[in-house]
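**Q** File follows, my_file34.txt with compact mmCIF, C-alpha atoms:
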# COMPACT_ATOMS: atom_id res chain seq x y z
CA MET A 175 3.58 34.32 71.35
CA ASP A 176 0.39 32.68 70.05
CA ALA A 177 2.28 31.33 67.04
CA LEU A 178 4.98 29.89 69.31
CA LEU A 179 2.52 28.16 71.63
CA ILE A 180 0.29 26.83 68.86
CA SER A 181 3.27 25.57 66.84
CA PHE A 182 4.88 23.97 69.90
CA GLY A 183 1.69 22.08 70.76
CA VAL A 184 0.88 20.97 67.22
CA ILE A 185 4.40 19.77 66.41
CA PHE A 186 4.97 18.12 69.80
CA VAL A 187 1.82 16.04 69.35
CA ALA A 188 2.57 15.33 65.67
CA GLU A 189 6.05 14.10 66.58
CA LEU A 190 4.85 11.57 69.17
CA GLY A 191 5.29 8.14 67.61
CA ASP A 192 6.67 9.66 64.39
CA LYS A 193 9.54 7.98 62.56
CA SER A 194 12.00 10.68 63.60
CA GLN A 195 11.13 10.16 67.27
CA LEU A 196 11.86 6.46 66.79
CA MET A 197 15.12 7.44 65.06
CA ALA A 198 16.04 9.56 68.08
CA LEU A 199 15.54 6.51 70.26
CA ALA A 200 17.74 4.39 67.97
CA PHE A 201 20.52 7.00 67.80
CA ALA A 202 20.46 7.40 71.58
CA THR A 203 21.22 3.72 72.08
CA ARG A 204 24.59 4.26 70.35
CA TYR A 205 25.59 7.86 71.00
CA ARG A 206 25.64 10.32 73.87
CA ALA A 207 22.28 11.94 74.52
CA LEU A 208 23.56 15.51 74.24
CA ALA A 209 25.20 14.84 70.87
CA VAL A 210 22.00 13.30 69.48
CA LEU A 211 19.89 16.15 70.85
CA LEU A 212 22.25 18.71 69.34
CA GLY A 213 22.12 16.97 65.95
CA ILE A 214 18.32 16.87 66.08
CA THR A 215 18.16 20.53 67.07
CA VAL A 216 20.41 21.64 64.21
CA ALA A 217 18.51 19.62 61.59
CA THR A 218 15.12 20.65 62.95
CA ALA A 219 16.02 24.33 63.11
CA VAL A 220 17.19 24.29 59.48
CA VAL A 221 14.25 22.28 58.11
CA HIS A 222 11.67 24.29 60.04
CA ALA A 223 13.28 27.60 59.01
CA ALA A 224 12.87 26.53 55.39
CA SER A 225 9.33 25.37 56.17
CA VAL A 226 8.19 28.71 57.53
CA VAL A 227 9.72 30.56 54.60
CA ILE A 228 8.01 28.21 52.15
CA GLY A 229 4.75 28.49 54.06
CA ALA A 230 4.95 32.26 54.08
CA LEU A 231 5.97 32.66 50.44
CA LEU A 232 4.15 29.87 48.70
CA GLY A 233 1.54 28.54 51.08
CA ALA A 234 2.05 25.11 49.54
CA ALA A 235 4.01 21.97 50.34
CA LEU A 236 7.17 20.74 48.67
CA PRO A 237 6.83 17.90 46.18
CA THR A 238 7.47 15.02 48.53
CA ARG A 239 7.88 12.13 46.08
CA PRO A 240 11.50 12.75 44.96
CA VAL A 241 12.53 13.77 48.49
CA ASN A 242 11.01 10.62 49.98
CA LEU A 243 12.68 8.46 47.32
CA LEU A 244 16.15 9.87 48.04
CA ALA A 245 15.66 9.78 51.80
CA GLY A 246 14.36 6.19 51.64
CA LEU A 247 17.41 5.04 49.70
CA ALA A 248 19.68 6.89 52.12
CA PHE A 249 18.06 5.12 55.09
CA LEU A 250 18.56 1.73 53.43
CA ALA A 251 22.24 2.65 53.02
CA PHE A 252 22.37 3.66 56.71
CA ALA A 253 20.93 0.23 57.59
CA ALA A 254 23.57 -1.64 55.56
CA TRP A 255 26.32 0.50 57.07
CA THR A 256 24.99 -0.13 60.57
CA LEU A 257 24.81 -3.90 60.05
CA ARG A 258 28.25 -4.07 58.50
CA GLY A 259 29.61 -2.18 61.44
CA ASP A 260 32.88 -0.39 61.68
CA SER A 261 36.05 -1.46 63.37
CA LEU A 262 38.08 1.06 65.27
CA SER A 263 41.55 0.91 66.68
CA GLU A 264 41.77 1.47 70.42
CA ASP A 265 42.87 5.07 69.83
CA GLU A 266 39.98 5.72 67.45
CA ALA A 267 37.49 4.15 69.85
CA GLU A 268 38.69 6.35 72.71
CA ARG A 269 38.52 9.49 70.54
CA ALA A 270 34.99 8.53 69.42
CA ARG A 271 33.90 8.18 73.04
CA ARG A 272 35.27 11.64 73.82
CA SER A 273 34.21 13.35 70.58
CA THR A 274 30.62 14.24 69.84
CA ARG A 275 31.24 15.62 66.33
CA SER A 276 30.53 12.38 64.47
CA ALA A 277 27.36 11.71 66.46
CA VAL A 278 26.11 15.26 65.93
CA LEU A 279 26.82 15.03 62.20
CA ALA A 280 25.20 11.59 61.84
CA ALA A 281 22.08 12.68 63.72
CA SER A 282 21.87 16.00 61.85
CA VAL A 283 22.09 14.41 58.40
CA ALA A 284 19.68 11.60 59.22
CA PHE A 285 17.11 13.91 60.78
CA PHE A 286 17.44 16.48 58.00
CA LEU A 287 16.67 13.81 55.39
CA ALA A 288 13.88 12.29 57.48
CA GLU A 289 12.16 15.61 58.03
CA LEU A 290 12.08 16.71 54.38
CA GLY A 291 8.50 16.20 53.32
CA ASP A 292 7.55 14.74 56.72
CA LYS A 293 4.25 15.54 58.42
CA THR A 294 5.95 17.88 60.89
CA MET A 295 7.51 19.83 58.02
CA LEU A 296 4.18 20.01 56.23
CA ALA A 297 2.45 21.03 59.47
CA THR A 298 5.03 23.77 59.99
CA ILE A 299 4.46 25.03 56.43
CA THR A 300 0.72 25.05 57.05
CA LEU A 301 1.09 26.87 60.37
CA ALA A 302 3.37 29.46 58.74
CA THR A 303 0.66 30.34 56.22
CA ARG A 304 -1.53 31.52 59.14
CA GLU A 305 0.77 32.36 62.07
CA GLY A 306 3.81 34.57 62.63
CA LEU A 307 7.02 33.28 61.07
CA LEU A 308 9.40 33.61 64.03
CA GLY A 309 6.91 32.20 66.52
CA THR A 310 6.04 29.31 64.21
CA TRP A 311 9.71 28.50 63.65
CA ALA A 312 10.62 28.67 67.34
CA GLY A 313 7.54 26.77 68.49
CA SER A 314 7.80 24.01 65.90
CA THR A 315 11.52 23.55 66.54
CA LEU A 316 11.09 23.45 70.32
CA GLY A 317 8.09 21.12 70.06
CA MET A 318 9.96 18.61 67.96
CA VAL A 319 13.12 18.76 70.06
CA ALA A 320 11.07 18.28 73.26
CA ALA A 321 9.30 15.21 71.86
CA ASP A 322 12.57 13.73 70.59
CA ALA A 323 14.29 14.41 73.93
CA ILE A 324 11.82 11.98 75.51
CA ALA A 325 12.84 9.33 72.97
CA ILE A 326 16.53 10.04 73.62
CA LEU A 327 16.08 9.40 77.34
CA VAL A 328 14.39 6.07 76.61
CA GLY A 329 17.09 5.17 74.07
CA GLN A 330 19.89 5.90 76.52
CA GLN A 331 18.34 3.52 79.04
CA LEU A 332 17.97 0.77 76.43
CA GLY A 333 21.55 1.27 75.22
CA ARG A 334 22.89 0.65 78.72
CA ARG A 335 20.95 -2.59 79.12
CA LEU A 336 21.28 -4.26 75.72
CA PRO A 337 24.37 -5.90 74.17
CA ASP A 338 26.06 -4.00 71.32
CA ARG A 339 25.01 -6.58 68.70
CA ALA A 340 21.33 -6.24 69.67
CA VAL A 341 21.60 -2.46 69.51
CA ARG A 342 23.25 -2.62 66.07
CA ILE A 343 20.60 -5.01 64.70
CA GLY A 344 17.78 -2.91 66.20
CA ALA A 345 19.20 0.30 64.75
CA ALA A 346 19.65 -1.31 61.32
CA ALA A 347 16.08 -2.64 61.44
CA SER A 348 14.86 0.85 62.32
CA PHE A 349 16.70 2.34 59.34
CA VAL A 350 15.25 -0.35 57.03
CA LEU A 351 11.77 0.41 58.36
CA PHE A 352 12.19 4.18 57.89
CA GLY A 353 13.66 3.67 54.43
CA ALA A 354 10.83 1.34 53.39
CA LEU A 355 8.21 3.79 54.67
CA LEU A 356 9.78 6.65 52.74
CA LEU A 357 10.03 4.53 49.56
CA PHE A 358 6.39 3.49 50.01
CA GLU A 359 5.38 7.15 50.37
CA ALA A 360 7.40 8.01 47.24
CA ALA A 361 5.74 5.23 45.25
CA ARG A 362 2.29 6.30 46.43
CA GLY A 363 2.75 9.97 45.69
What is this structure when it is put down as structure tokens?

**A**
Amino acid sequence: MDALLISFGVIFVAELGDKSQLMALAFATRYRALAVLLGITVATAVVHAASVVIGALLGAALPTRPVNLLAGLAFLAFAAWTLRGDSLSEDEAERARRSTRSAVLAASVAFFLAELGDKTMLATITLATREGLLGTWAGSTLGMVAADAIAILVGQQLGRRLPDRAVRIGAAASFVLFGALLLFEAARG
């Protein structure tokens, strides 16, 4: 229980203002909140499960430079894709509104890539070297999902009030920013 509470608190605070929280906000302006939250939860659970295993077995962090390089390039591709936009037939648009699969997949992949080598992953690894594995995994996952849920609520409100073009440009700018930050981290490391 101590590991769960400590991990929840540490990761919740670490996630506030983090790039993935800003990503949650951006995704929530375009997709349903529950789909985004589910995608974040899946990606976070997987990344943090790996983190606690790494922390327990190795007690050291992953080499972040190649991971940041690949993730940065992926985010720049997401930005170009977002700006280009997609056109849907009326049938496809209606199915997209009813289906959450594509939103869950998009959020899961983006958050998985963003979290590899991120401070919350490294914090989870560090916590796992000292705390119980299951409690650290559960606490870190819940802490991150709780912090990102706040961003999703804000993003949903913005998405209702802004025109689609503004949302698309804002989301693309966010992806460029995240990609540039990851590339900068890769170049530094």

**Q** Skip Gly317 in chain A itself and residues of its chain fewer than 6 positions away, then list as a PyMOL selection string all residues within 7 Å of it, counting only C-alpha atoms.

**A** chain A and resi 182-183+185-186

**Q** Could you work out how far CA of Ala230 in chain A lies from CA of Leu190 in chain A, giving the answer in Å with one decimal?

**A** 25.6 Å

**Q** Please determine, counting only C-alpha atoms, which residue among A:Met295, A:Met197, A:Ala321, A:Val216 has the shortest atom-to-atom distance to Val350 in chain A.

**A**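 Ranked by minimum distance to Val350 in chain A, first place goes to A:Met197.
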
**Q** May I ask which of the residues A:Ala207, A:Ala320, A:Val226, A:Leu196 is the closest one to Thr300 in chain A, counting all atoms listed in the file?

**A**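 Closest residue, counting all atoms listed in the file: A:Val226.
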
**Q** Residues at most 7 Å from Val278 in chain A, counting all atoms listed in the file, excluding those fewer than 4 positions away in the same chain, as a PyMOL selection string?

**A** chain A and resi 209-210+212-213+274+282

**Q** Check the smallest atom-to-atom distance from each of A:Leu250, A:Leu178, A:Leu199, A:Val184 to Ala323 in chain A using all atoms listed in the file, then report the winner.

**A** A:Leu199

**Q** Could you give me, as a list in words, the residues within 9 Å of Ala188 in chain A, counting all atoms listed in the file and dropping anything in the same chain fewer than 4 positions from it?

**A** Gly183, Val184, Asp192, Lys293, Thr294, Ala297 and Met318 of chain A

**Q** Using all atoms listed in the file, find the one residue out of A:Ile214, A:Ala219, A:Leu356, A:Leu287 that sits nearest to Thr310 in chain A.

**A** A:Ala219

**Q** Using Å and a single decimal, report how far CA of Ile180 in chain A sits from CA of Glu359 in chain A.

**A** 27.5 Å

**Q** In Å, rounded to a single decimal, give me how far CA of Leu279 in chain A is from CA of Leu296 in chain A.

**A** 23.9 Å

**Q** Using all atoms listed in the file for the distances, tell me which of A:Ala177, A:Leu243, A:Leu351, A:Ala253 is nearest to Leu308 in chain A.

**A** A:Ala177

**Q** Out of A:Ala360, A:Leu316, A:Leu231, A:Thr218, which residue has the shortest atom-to-atom distance to Thr303 in chain A when counting only C-alpha atoms?

**A**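 Closest candidate: A:Leu231.
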